[in-house]
Structures are given as C-alpha cells and as structure tokens.
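Structure file input39.cif; described as mmCIF, C-alpha atoms.
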```cif
data_entry
loop_
_atom_site.group_PDB
_atom_site.id
_atom_site.type_symbol
_atom_site.label_atom_id
_atom_site.label_comp_id
_atom_site.auth_asym_id
_atom_site.auth_seq_id
_atom_site.Cartn_x
_atom_site.Cartn_y
_atom_site.Cartn_z
ATOM 1 C CA MET Q 8 145.084 20.645 -32.678
ATOM 2 C CA GLU Q 9 144.811 19.337 -29.312
ATOM 3 C CA LYS Q 10 147.260 21.892 -28.113
ATOM 4 C CA ASN Q 11 145.295 24.687 -29.714
ATOM 5 C CA THR Q 12 142.097 23.366 -28.194
ATOM 6 C CA LYS Q 13 143.733 23.219 -24.797
ATOM 7 C CA ILE Q 14 144.953 26.780 -25.188
ATOM 8 C CA ILE Q 15 141.508 27.977 -26.282
ATOM 9 C CA VAL Q 16 139.780 26.123 -23.459
ATOM 10 C CA LEU Q 17 142.347 27.393 -20.982
ATOM 11 C CA SER Q 18 141.966 30.926 -22.308
ATOM 12 C CA ILE Q 19 138.191 30.654 -22.001
ATOM 13 C CA LEU Q 20 138.541 29.310 -18.455
ATOM 14 C CA VAL Q 21 140.931 32.115 -17.493
ATOM 15 C CA PHE Q 22 138.574 34.614 -19.082
ATOM 16 C CA ILE Q 23 135.614 33.132 -17.182
ATOM 17 C CA VAL Q 24 137.576 33.186 -13.910
ATOM 18 C CA LEU Q 25 138.574 36.804 -14.523
ATOM 19 C CA ILE Q 26 134.967 37.713 -15.263
ATOM 20 C CA LEU Q 27 133.855 35.941 -12.081
ATOM 21 C CA ILE Q 28 136.514 37.700 -10.003
ATOM 22 C CA PHE Q 29 135.638 41.035 -11.568
ATOM 23 C CA SER Q 30 131.933 40.386 -11.025
ATOM 24 C CA ILE Q 31 132.490 39.440 -7.384
ATOM 25 C CA ILE Q 32 134.643 42.508 -6.727
ATOM 26 C CA TYR Q 33 132.340 44.858 -8.620
ATOM 27 C CA THR Q 34 129.199 43.327 -7.095
ATOM 28 C CA ASN Q 35 130.769 43.449 -3.650
ATOM 29 C CA LYS Q 36 131.510 47.164 -4.148
ATOM 30 C CA ASN Q 37 127.922 47.800 -5.289
ATOM 31 C CA LEU Q 38 126.606 45.796 -2.341
ATOM 32 C CA LYS Q 39 128.677 47.916 0.039
ATOM 33 C CA ASN Q 40 127.329 51.084 -1.572
ATOM 34 C CA ALA Q 41 123.786 49.758 -1.344
ATOM 35 C CA LEU Q 42 124.304 48.819 2.311
ATOM 36 C CA ASN Q 43 125.687 52.290 3.042
ATOM 37 C CA LYS Q 44 122.672 53.880 1.378
ATOM 38 C CA ILE Q 45 120.308 51.618 3.326
ATOM 39 C CA GLU Q 46 122.067 52.558 6.569
ATOM 40 C CA ASN Q 47 121.708 56.260 5.724
ATOM 41 C CA VAL Q 48 118.020 55.780 4.942
ATOM 42 C CA GLU Q 49 117.595 53.915 8.229
ATOM 43 C CA LYS Q 50 119.223 56.809 10.116
ATOM 44 C CA ASN Q 51 116.975 59.293 8.325
ATOM 45 C CA LEU Q 52 113.913 57.201 9.177
ATOM 46 C CA ASP Q 53 114.967 57.010 12.826
ATOM 47 C CA SER Q 54 115.418 60.782 12.849
ATOM 48 C CA ALA Q 55 112.001 61.259 11.245
ATOM 49 C CA ILE Q 56 110.407 58.913 13.807
ATOM 50 C CA ASN Q 57 112.004 60.903 16.629
ATOM 51 C CA GLU Q 58 110.699 64.172 15.176
ATOM 52 C CA ILE Q 59 107.214 62.674 14.741
ATOM 53 C CA ASN Q 60 107.224 61.451 18.358
ATOM 54 C CA TYR Q 61 108.352 64.890 19.551
ATOM 55 C CA SER Q 62 105.637 66.580 17.493
ATOM 56 C CA LYS Q 63 103.064 64.105 18.795
ATOM 57 C CA SER Q 64 104.008 64.901 22.386
ATOM 58 C CA LYS Q 65 103.678 68.625 21.636
ATOM 59 C CA VAL Q 66 100.253 68.089 20.050
ATOM 60 C CA ASP Q 67 99.173 66.022 23.069
ATOM 61 C CA THR Q 68 100.336 68.818 25.388
ATOM 62 C CA ILE Q 69 98.461 71.430 23.358
ATOM 63 C CA GLN Q 70 95.361 69.222 23.309
ATOM 64 C CA SER Q 71 95.407 68.802 27.090
ATOM 65 C CA GLU Q 72 95.877 72.570 27.531
ATOM 66 C CA LEU Q 73 92.933 73.234 25.208
ATOM 67 C CA PHE Q 74 90.805 70.817 27.215
ATOM 68 C CA ARG Q 75 91.814 72.599 30.410
ATOM 69 C CA TYR Q 76 90.973 76.013 28.934
ATOM 70 C CA LYS Q 77 87.681 74.644 27.633
ATOM 71 C CA SER Q 78 86.803 73.553 31.173
ATOM 72 C CA PHE Q 79 87.918 76.934 32.516
ATOM 73 C CA ILE Q 80 85.766 78.816 29.985
ATOM 74 C CA LYS Q 81 82.796 76.551 30.685
ATOM 75 C CA ASP Q 82 83.190 77.287 34.396
ATOM 76 C CA ILE Q 83 83.314 81.036 33.729
ATOM 77 C CA GLN Q 84 80.237 80.843 31.505
ATOM 78 C CA GLY Q 85 78.364 78.953 34.218
ATOM 79 C CA ARG Q 86 79.334 81.467 36.880
ATOM 80 C CA VAL Q 87 78.326 84.403 34.681
ATOM 81 C CA GLU Q 88 74.973 82.754 33.958
ATOM 82 C CA ILE Q 89 74.430 82.164 37.694
ATOM 83 C CA MET Q 90 75.241 85.802 38.441
ATOM 84 C CA ASP Q 91 72.892 86.975 35.675
ATOM 85 C CA LEU Q 92 70.031 84.778 36.872
ATOM 86 C CA GLU Q 93 70.548 85.841 40.494
ATOM 87 C CA SER Q 94 70.556 89.475 39.413
ATOM 88 C CA ARG Q 95 67.342 89.022 37.428
ATOM 89 C CA TYR Q 96 65.768 87.154 40.338
ATOM 90 C CA ASN Q 97 66.710 89.893 42.792
ATOM 91 C CA GLU Q 98 65.408 92.581 40.418
ATOM 92 C CA ASN Q 99 62.079 90.774 40.055
ATOM 93 C CA LYS Q 100 61.936 90.161 43.779
ATOM 94 C CA PHE Q 101 62.626 93.861 44.388
ATOM 95 C CA LYS Q 102 59.973 94.903 41.850
ATOM 96 C CA ASN Q 103 57.433 92.592 43.479
ATOM 97 C CA LYS Q 104 58.267 93.921 46.926
ATOM 98 C CA LYS Q 105 58.252 97.487 45.636
ATOM 99 C CA ASP Q 106 54.849 96.931 44.039
ATOM 100 C CA SER Q 107 53.434 95.383 47.209
ATOM 101 C CA ILE Q 108 54.903 98.182 49.350
ATOM 102 C CA SER Q 109 53.489 100.795 46.962
ATOM 103 C CA LYS Q 110 50.042 99.161 47.129
ATOM 104 C CA ARG Q 111 50.219 99.003 50.920
ATOM 105 C CA LEU Q 112 51.233 102.692 51.043
ATOM 106 C CA GLU Q 113 48.303 103.638 48.840
ATOM 107 C CA ILE Q 114 45.942 101.694 51.084
ATOM 108 C CA LEU Q 115 47.416 103.302 54.208
ATOM 109 C CA TYR Q 116 47.187 106.802 52.717
ATOM 110 C CA LYS Q 117 43.548 106.184 51.863
ATOM 111 C CA GLU Q 118 42.780 104.773 55.314
ATOM 112 C CA ILE Q 119 44.547 107.628 57.043
ATOM 113 C CA GLY Q 120 42.850 110.107 54.779
ATOM 114 C CA LEU Q 121 39.455 108.667 55.634
ATOM 115 C CA THR Q 122 40.070 108.413 59.345
ATOM 116 C CA GLY Q 123 41.935 111.697 59.519
ATOM 117 C CA LYS Q 124 38.921 113.659 58.358
ATOM 118 C CA ASN Q 125 36.971 112.540 61.376
ATOM 119 C CA LEU Q 126 39.682 113.512 63.849
ATOM 120 C CA ASP Q 127 40.472 116.979 65.072
ATOM 121 C CA PHE Q 128 44.207 117.663 65.056
ATOM 122 C CA SER Q 129 44.009 121.326 65.682
ATOM 123 C CA ASP Q 130 46.003 121.027 68.903
ATOM 124 C CA SER Q 131 48.860 119.047 67.379
ATOM 125 C CA ILE Q 132 50.648 119.162 64.086
ATOM 126 C CA VAL Q 133 51.004 115.900 62.214
ATOM 127 C CA VAL Q 134 52.636 115.880 58.844
ATOM 128 C CA LEU Q 135 51.860 112.998 56.565
ATOM 129 C CA HIS Q 136 52.816 112.651 53.059
#
```
Serialized structure, structure tokens:
Amino acid sequence: MEKNTKIIVLSILVFIVLILIFSIIYTNKNLKNALNKIENVEKNLDSAINEINYSKSKVDTIQSELFRYKSFIKDIQGRVEIMDLESRYNENKFKNKKDSISKRLEILYKEIGLTGKNLDFSDSIVVLH
C-alpha cells in the first residue's frame, strides 16, 4: 500500500503543481490584459485632459474678449450719454438765450415806439421792424 500511497501523493502533487503552473500562466495572461486595458484608459484620460485644457483656454479667450467688448460698449454708452447731455444743455442754453433776446427785442421795440412818436422823421426814412 505504501506504493499506492506514494503514487496517489505523487499524483496529487503533480496535479497541484500543474494547477499552480496553469494558474500562474493564466493569471499572468489576465494581468497583462488588465495592464493593457489600464494603459489604454490612461491614454484616454490623458487625451481627455488635453481636450479639457484646450477647451479651458478657448473659454478663457472668449471670456477675455467678452470683457473687452463689455468695456468697449460701456465706453460707447458713456460717450453717447455725454453727447446727449451736451445737446440738451446747448438746447436749453439756446432757448434761454433766445428767450432773453426776444424779451430784449420786445423792450427795444417798445422803447423805440415810444421815443419814435416824439421824433419827426419826415426828412429821412427809417425802417424798423
């Protein structure tokens, strides 16, 4: 029986060694596949990071352009408001001057009318409005 036991033990040992060898080879193959997949994922992540950085730079450029246009529009609005206020001021100034000139003309016409009645202009012709 000892011989049979030795054969059984030896068979079990050979079987265990074969299983270990198979496991190592199979596991090694799976590890290589897993490493390849991880490397591919890493490349994809690097590519995605590059695209995100590129997009971020584009957004930053657009944002700075928008800020510049905002400043430009604000400047235009300020200039238009200045022009409007100056125009209104000049109109009011003109109206005030026009009113004062009209009042002065009325006064002068009245004064001339009063003084003109007392004068004799029969020798000369003077035309007044």
* To one decimal in Å, tell me the separation between atom CA of Q:Tyr33 and atom CA of Q:Lys13. => 29.3 Å
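Across the model, the gap from atom CA of Q:Ala41 to atom CA of Q:Val21 is 29.4 Å.
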* Atom pair atom CA of Q:Ile26 / atom CA of Q:Leu38: separation (Å) ->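 Computing the Euclidean distance for atom CA of Q:Ile26 and atom CA of Q:Leu38 yields 17.4 Å.
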